[in-house]
Structure formats: structure tokens, C-alpha cells
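Chemist: Could you have a look at this structure, given as C-alpha cells, before my questions?
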Amino acid sequence: MTKPLTKDDYQPGDVTVHRDPDRLRRVTKALKAAGRNIALVPTMGALHEGHRKLIREAQVLQNTVVVVSIFVNPTQFGPNEDFDRYPRSFESDVDICREERVGLVFAPSADDMYLPGSTVTVDPGPLGDELEGRTRPGHFAGVLSVVAKLFNIVQPTYAVFGEKDYQQLTLIHRMARDLNFGLDVVGVPTVREPDGLALSSRNRYLSAEERSAATALSAALVAGAHVSGRGADAVLEAARTTLAAAPGVDLDYLELRAPDLGPAPENGDARLLVAARVGSTRLIDNTAVLLGTGDE
Ligand code: AMP
């Protein structure tokens, strides 16, 4: 017999932490039946101001109860990546959720999420092998598979993601459309430190020197965007020069693409994306650029 829902499953005005996917699904289903919309904010925890911005954007959507998931998903990390040392700060994450008036935190264990012998995954298609996918094979299959599971468990009306992970946001838009999830994917602009560095849970790995060098990524994007009127070659040249001048910044890729990450147009809206290793930490960033409007 499944236990009936009680006030311990959802308390207006406080945050309730759920670990059991089936129980959480029953709670969100009951809230939707009572006329509420559900806005899901998927995270891996170690919450910072970027995550707070996502939560605030979720709060202002129509009549929503916000669900924040906190799950460091093992299937999106490669064998030589930072899964074991990824920062975990569950108690302070829940405090932040309480401050931000989140209704529900979903924090499953890996065993709750992945039953023994589960083999079915979501195939991201060719874009999954480009940009981040070239250095991180299998990463986007892991991301899309866990996000699909979260969508099925939480059944959200809205799902909120950051532009910081622009390729991830693009692929989630596509998955929601291609697999008919019937929800709105909402993208939120990147939150930055005053010196331009995009906030990231991984920034805490950086030494003081590396932290200073890491500003080269956002500076390169700004330098590129600044000369966008002169076209793609000028953008890439300006960004590359900025990155080359930074000590200890090992460039992985710098690419101009269309906003949907297809080939960049000659003129008009485009996206400039960068990934680099600073010490042992891999950082990514991106920005919108308007190519060749002739104002340079
Ligand atoms: P993470 O916990 O790093 O996997 O990120 C969870 C969500 O927060 C993703 O949708 C990220 O794109 C988003 N996010 C991370 N950093 C930022 C940032 N600096 N600004 C806006 N969104 C962010």
C-alpha cells in the first residue's frame, strides 16, 4: 500500500526535501490537480548566485510551485572527470532554497535514479558530438537522459536552464520538442562576477592565480563581440588574441555558430562559444554576437 500524502510532503511557505521519485511525482501531480504550475530548476547543487537567478525566474512564471532538483549525475561525467571531487554542500543548498521560497527540493540518490540494469538512454544526435561533446564523449547522452527522467518524475509545466551551458540548453530545447515533452524550456542569461567571470560551481577549484587568468574567457568574448561589425574572422581573431595573452589558459575550442548551433551566418545573430582549461579546471562560456552590421 502506498502511504497517503500528508502535510509533510508539501508545506506552503517552507521547503520540503524529497528523495523518493515516486513520492515526489505524486506531490507534483496533486499540486497540478489543485491548479498550480510546476517550474523545475535542475541543478547539481553547490548553489550560487547563478542558480538563485534561475530560481527567481522560475518564481515569476505564472502561479508556480518551484521544484529544485539537486543531483550530481554520475552518467554525465567521463572516467577522468571530476565526479568524485565535484563540490557538495547539501545543507547550505537547502538553506538557499528556503531563502528563495522554493517549495520542493528533489534530492534522490544515484540508486533511486538508476535501477540496476537500466540501459535505455536519450541520443542527443550529431550536436552531441560537437563542441563540448568532442572533449566529453557521452556527456550529453548522460545529461539528456537524466533531464528526461527528471521531466517524467516532476512533470513540470516549465523547466528553467542557464545560458551558461548554452549547448546543453540548445539540446534540451530540442529534446523537449523532438520527444514531445509538452513543457516550456526557459533560458536564463549568464550571471557573472563583477570582473566578467561566469559563475560556476567549478570556480572554487581555481587558485588565486588561476582565478585571475580565468577572466580571459569572458574578456575574449567581449573582445570578439566588440568587433562583430567586421565579421566572423575579426571576431575570432580578437577573441583568440585575448586568450593567447592570458598565462596558463589552455584553449580547447573557440567557435562561432548560429544561435541554434548550426553553421554561423555571414551576417546577423550568432553565438561565440569558448572552452579552456585553467590549471586542471575546465571552464566554458559563451555570448551572443551580431555579425556584420557594418557599424565598425
Ligand atoms: P549546474 O548545477 O552547474 O549543473 O547548473 C544548473 C543550472 O544552473 C544549469 O541550467 C546551468 O546552466 C545554470 N547555471 C550555472 N551557472 C550559471 C550562471 N553563472 N548563470 C546562469 N545560470 C547558470
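Ordering of the C-alpha cells sets the chain letters (A, B, ...), residue numbers begin anew at 1 in every chain, and ligands are numbered from 1 in the order given.
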Can I get the residues close to ligand 1 as a PDB file with N, CA, C and O atoms, in the first residue's frame, where close means within 6 Å and we count only C-alpha atoms and all ligand atoms?
Modeler:
```pdb
ATOM      1  N   PRO A  42      16.638  22.195 -12.614  1.00  0.00           N
ATOM      2  CA  PRO A  42      17.595  21.111 -12.354  1.00  0.00           C
ATOM      3  C   PRO A  42      18.988  21.652 -12.035  1.00  0.00           C
ATOM      4  O   PRO A  42      19.484  22.542 -12.737  1.00  0.00           O
ATOM      5  N   THR A  43      19.620  21.130 -10.989  1.00  0.00           N
ATOM      6  CA  THR A  43      20.973  21.546 -10.616  1.00  0.00           C
ATOM      7  C   THR A  43      21.767  20.336 -10.121  1.00  0.00           C
ATOM      8  O   THR A  43      21.192  19.289  -9.808  1.00  0.00           O
ATOM      9  N   MET A  44      23.084  20.555 -10.018  1.00  0.00           N
ATOM     10  CA  MET A  44      23.934  19.562  -9.357  1.00  0.00           C
ATOM     11  C   MET A  44      24.344  20.066  -7.973  1.00  0.00           C
ATOM     12  O   MET A  44      25.333  19.598  -7.401  1.00  0.00           O
ATOM     13  N   GLY A  45      23.596  21.018  -7.415  1.00  0.00           N
ATOM     14  CA  GLY A  45      23.919  21.537  -6.083  1.00  0.00           C
ATOM     15  C   GLY A  45      25.072  22.512  -6.115  1.00  0.00           C
ATOM     16  O   GLY A  45      25.386  23.077  -7.169  1.00  0.00           O
ATOM     17  N   GLY A  50      24.098  32.255  -9.676  1.00  0.00           N
ATOM     18  CA  GLY A  50      23.531  31.850 -10.967  1.00  0.00           C
ATOM     19  C   GLY A  50      22.299  30.984 -10.765  1.00  0.00           C
ATOM     20  O   GLY A  50      21.256  31.179 -11.418  1.00  0.00           O
ATOM     21  N   HIS A  51      22.405  30.036  -9.839  1.00  0.00           N
ATOM     22  CA  HIS A  51      21.248  29.185  -9.541  1.00  0.00           C
ATOM     23  C   HIS A  51      20.116  30.011  -8.928  1.00  0.00           C
ATOM     24  O   HIS A  51      18.941  29.777  -9.218  1.00  0.00           O
ATOM     25  N   PHE A 161      16.692  26.642 -17.345  1.00  0.00           N
ATOM     26  CA  PHE A 161      18.116  26.318 -17.504  1.00  0.00           C
ATOM     27  C   PHE A 161      18.896  27.587 -17.820  1.00  0.00           C
ATOM     28  O   PHE A 161      18.352  28.542 -18.378  1.00  0.00           O
ATOM     29  N   GLY A 162      20.207  27.569 -17.531  1.00  0.00           N
ATOM     30  CA  GLY A 162      21.054  28.732 -17.775  1.00  0.00           C
ATOM     31  C   GLY A 162      21.675  28.731 -19.163  1.00  0.00           C
ATOM     32  O   GLY A 162      22.053  27.675 -19.684  1.00  0.00           O
ATOM     33  N   GLU A 163      21.822  29.930 -19.730  1.00  0.00           N
ATOM     34  CA  GLU A 163      22.547  30.075 -20.999  1.00  0.00           C
ATOM     35  C   GLU A 163      24.037  29.804 -20.818  1.00  0.00           C
ATOM     36  O   GLU A 163      24.752  29.630 -21.788  1.00  0.00           O
ATOM     37  N   LYS A 164      24.513  29.828 -19.572  1.00  0.00           N
ATOM     38  CA  LYS A 164      25.906  29.496 -19.280  1.00  0.00           C
ATOM     39  C   LYS A 164      26.301  28.189 -19.976  1.00  0.00           C
ATOM     40  O   LYS A 164      27.388  28.062 -20.519  1.00  0.00           O
ATOM     41  N   ASP A 165      25.402  27.207 -19.909  1.00  0.00           N
ATOM     42  CA  ASP A 165      25.627  25.922 -20.582  1.00  0.00           C
ATOM     43  C   ASP A 165      24.791  25.934 -21.856  1.00  0.00           C
ATOM     44  O   ASP A 165      23.752  25.274 -21.954  1.00  0.00           O
ATOM     45  N   PRO A 189      19.811  34.271 -18.892  1.00  0.00           N
ATOM     46  CA  PRO A 189      21.159  34.784 -19.179  1.00  0.00           C
ATOM     47  C   PRO A 189      22.166  34.479 -18.067  1.00  0.00           C
ATOM     48  O   PRO A 189      21.792  34.325 -16.900  1.00  0.00           O
ATOM     49  N   THR A 190      23.423  34.419 -18.451  1.00  0.00           N
ATOM     50  CA  THR A 190      24.505  34.044 -17.529  1.00  0.00           C
ATOM     51  C   THR A 190      24.748  35.114 -16.467  1.00  0.00           C
ATOM     52  O   THR A 190      24.861  36.297 -16.790  1.00  0.00           O
ATOM     53  N   VAL A 191      24.852  34.671 -15.226  1.00  0.00           N
ATOM     54  CA  VAL A 191      25.210  35.576 -14.122  1.00  0.00           C
ATOM     55  C   VAL A 191      26.736  35.554 -13.984  1.00  0.00           C
ATOM     56  O   VAL A 191      27.353  34.483 -13.992  1.00  0.00           O
ATOM     57  N   ARG A 192      27.313  36.755 -13.849  1.00  0.00           N
ATOM     58  CA  ARG A 192      28.775  36.896 -13.852  1.00  0.00           C
ATOM     59  C   ARG A 192      29.287  37.583 -12.589  1.00  0.00           C
ATOM     60  O   ARG A 192      28.555  38.334 -11.942  1.00  0.00           O
ATOM     61  N   ALA A 198      32.069  34.061 -15.562  1.00  0.00           N
ATOM     62  CA  ALA A 198      30.758  33.436 -15.372  1.00  0.00           C
ATOM     63  C   ALA A 198      30.768  32.616 -14.087  1.00  0.00           C
ATOM     64  O   ALA A 198      31.713  31.849 -13.843  1.00  0.00           O
ATOM     65  N   LEU A 199      29.743  32.773 -13.258  1.00  0.00           N
ATOM     66  CA  LEU A 199      29.674  31.974 -12.033  1.00  0.00           C
ATOM     67  C   LEU A 199      29.575  30.500 -12.398  1.00  0.00           C
ATOM     68  O   LEU A 199      28.866  30.129 -13.334  1.00  0.00           O
ATOM     69  N   SER A 200      30.284  29.673 -11.643  1.00  0.00           N
ATOM     70  CA  SER A 200      30.245  28.229 -11.859  1.00  0.00           C
ATOM     71  C   SER A 200      30.659  27.547 -10.566  1.00  0.00           C
ATOM     72  O   SER A 200      31.535  28.045  -9.849  1.00  0.00           O
ATOM     73  N   SER A 201      30.045  26.419 -10.289  1.00  0.00           N
ATOM     74  CA  SER A 201      30.445  25.648  -9.105  1.00  0.00           C
ATOM     75  C   SER A 201      31.909  25.261  -9.198  1.00  0.00           C
ATOM     76  O   SER A 201      32.582  25.080  -8.178  1.00  0.00           O
TER      77      SER A 201
END
```
Chemist: Near range 171-178 of chain A, within 7 Å and counting only C-alpha atoms, which residues show up once chain neighbours fewer than 4 positions away are dropped, as an MDAnalysis selection string?
Modeler: chainID A and resid 124 144 167 182 185
Chemist: Write to file, as a tab-separated table (two decimals), in the first residue's frame, the residues of the selection just made, with N, CA, C and O atoms.
Modeler:
```tsv
chain	number	residue	atom	x	y	z
A	124	PRO	N	21.48	12.28	-28.19
A	124	PRO	CA	21.38	13.71	-28.50
A	124	PRO	C	21.44	14.03	-29.99
A	124	PRO	O	21.20	15.16	-30.38
A	144	LEU	N	20.99	14.51	-21.19
A	144	LEU	CA	19.61	14.43	-21.69
A	144	LEU	C	18.85	13.28	-21.04
A	144	LEU	O	17.66	13.40	-20.76
A	167	GLN	N	25.10	24.93	-25.02
A	167	GLN	CA	24.86	23.73	-25.84
A	167	GLN	C	23.87	22.81	-25.12
A	167	GLN	O	23.00	22.20	-25.76
A	182	GLY	N	6.04	18.40	-23.99
A	182	GLY	CA	4.87	19.23	-23.65
A	182	GLY	C	5.13	20.15	-22.48
A	182	GLY	O	4.28	20.27	-21.58
A	185	VAL	N	10.62	25.18	-22.10
A	185	VAL	CA	12.00	25.32	-21.63
A	185	VAL	C	12.34	26.80	-21.62
A	185	VAL	O	12.20	27.49	-22.63
```
Chemist: Could you tell me how far CA of Asp129 in chain A lies from CA of Arg202 in chain A, in Å and to one decimal?
Modeler: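 Going from CA of Asp129 in chain A over to CA of Arg202 in chain A, I get 22.6 Å.
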Chemist: Identify, on the basis of only C-alpha atoms, every residue whose closest approach to Pro108 in chain A does not exceed 8 Å; exclude the query and any residue fewer than 6 positions from it along the same chain; express the result as JSON, numbers by chain.
Modeler: {"A": [18, 19, 20, 21, 70, 71]}
Chemist: Output N, CA, C and O atoms for every residue in that selection, as a PDB file, in the first residue's frame.
Modeler:
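Contents of out12.pdb, as written:
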```pdb
ATOM      1  N   HIS A  18      12.501  15.921  -0.822  1.00  0.00           N
ATOM      2  CA  HIS A  18      12.073  14.563  -1.192  1.00  0.00           C
ATOM      3  C   HIS A  18      13.232  13.807  -1.787  1.00  0.00           C
ATOM      4  O   HIS A  18      14.010  14.364  -2.568  1.00  0.00           O
ATOM      5  N   ARG A  19      13.326  12.525  -1.449  1.00  0.00           N
ATOM      6  CA  ARG A  19      14.355  11.673  -2.052  1.00  0.00           C
ATOM      7  C   ARG A  19      13.745  10.615  -2.972  1.00  0.00           C
ATOM      8  O   ARG A  19      14.393  10.136  -3.890  1.00  0.00           O
ATOM      9  N   ASP A  20      12.495  10.281  -2.723  1.00  0.00           N
ATOM     10  CA  ASP A  20      11.854   9.182  -3.444  1.00  0.00           C
ATOM     11  C   ASP A  20      11.141   9.714  -4.700  1.00  0.00           C
ATOM     12  O   ASP A  20      10.206  10.505  -4.596  1.00  0.00           O
ATOM     13  N   PRO A  21      11.587   9.298  -5.905  1.00  0.00           N
ATOM     14  CA  PRO A  21      10.986   9.817  -7.136  1.00  0.00           C
ATOM     15  C   PRO A  21       9.471   9.594  -7.214  1.00  0.00           C
ATOM     16  O   PRO A  21       8.732  10.502  -7.629  1.00  0.00           O
ATOM     17  N   ILE A  70      18.489  18.503  -6.966  1.00  0.00           N
ATOM     18  CA  ILE A  70      19.916  18.519  -6.620  1.00  0.00           C
ATOM     19  C   ILE A  70      20.415  17.097  -6.798  1.00  0.00           C
ATOM     20  O   ILE A  70      20.068  16.199  -6.020  1.00  0.00           O
ATOM     21  N   PHE A  71      21.187  16.893  -7.855  1.00  0.00           N
ATOM     22  CA  PHE A  71      21.634  15.533  -8.155  1.00  0.00           C
ATOM     23  C   PHE A  71      22.915  15.613  -8.976  1.00  0.00           C
ATOM     24  O   PHE A  71      22.905  16.160 -10.080  1.00  0.00           O
TER      25      PHE A  71
END
```
Chemist: Compile the contact shell of range 286-289 of chain A as number ranges by chain: residues with an atom at most 9 Å away, counting only C-alpha atoms, same-chain residues fewer than 4 positions apart removed.
Modeler: A: 163-166, 190, 217-218, 221-222, 224-226, 228, 235, 256, 259, 268-275
Chemist: Which of range 69-289 of chain A counts as helix (DSSP H, G or I) under DSSP, as a PyMOL selection string please?
Modeler: chain A and resi 74-76+90-99+110-113+126-129+132-135+139-154+163-178+201-205+208-213+215-226+228-230+232-244
Chemist: Measure the distance from CA of Val120 in chain A to CA of Ala141 in chain A in Å and round it to one decimal.
Modeler: 10.4 Å
Chemist: Under the rule that only C-alpha atoms are counted, which of A:Thr170, A:Ser145, A:Asn203, A:Thr75 is the nearest residue to Arg282 in chain A?
Modeler: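 The closest residue to Arg282 in chain A is A:Asn203.
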Chemist: When you look at Gly13 in chain A with a cut-off of 12 Å (counting only C-alpha atoms), what residues show up, excluding the ones that are within fewer than 5 positions of it in the same chain? I need them as a PyMOL selection string.
Modeler: chain A and resi 7+65-66+97-104
Chemist: Identify which of the residues A:Pro194, A:Gly133, A:Gly229, A:Pro156 lies closest to Gln168 in chain A, counting only C-alpha atoms when measuring atom-to-atom distances.
Modeler: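 For Gln168 in chain A, the nearest of the given residues is A:Gly133.
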Chemist: Using only C-alpha atoms for the distances, tell me which of A:Val143, A:Ala159, A:Ala276, A:Ala264 is nearest to Gln59 in chain A.
Modeler: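 With only C-alpha atoms as the atom set, the closest residue is A:Ala159.
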Chemist: When you draw a straight line from CA of Pro12 in chain A to CA of Ala110 in chain A, how long is it in Å?
Modeler: 28.0 Å
Chemist: Closest to Val60 in chain A among A:Asp95, A:Leu5, A:Arg134, A:Val160, using only C-alpha atoms?
Modeler: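 Closest to Val60 in chain A, using only C-alpha atoms: A:Val160.
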Chemist: List every residue of range 65-258 of chain A that DSSP, applied to the backbone of this structure, assigns to strand (DSSP E), and report them as a VMD selection string.
Modeler: chain A and resid 65 to 70 104 to 106 158 to 162 184 to 188 249 to 257
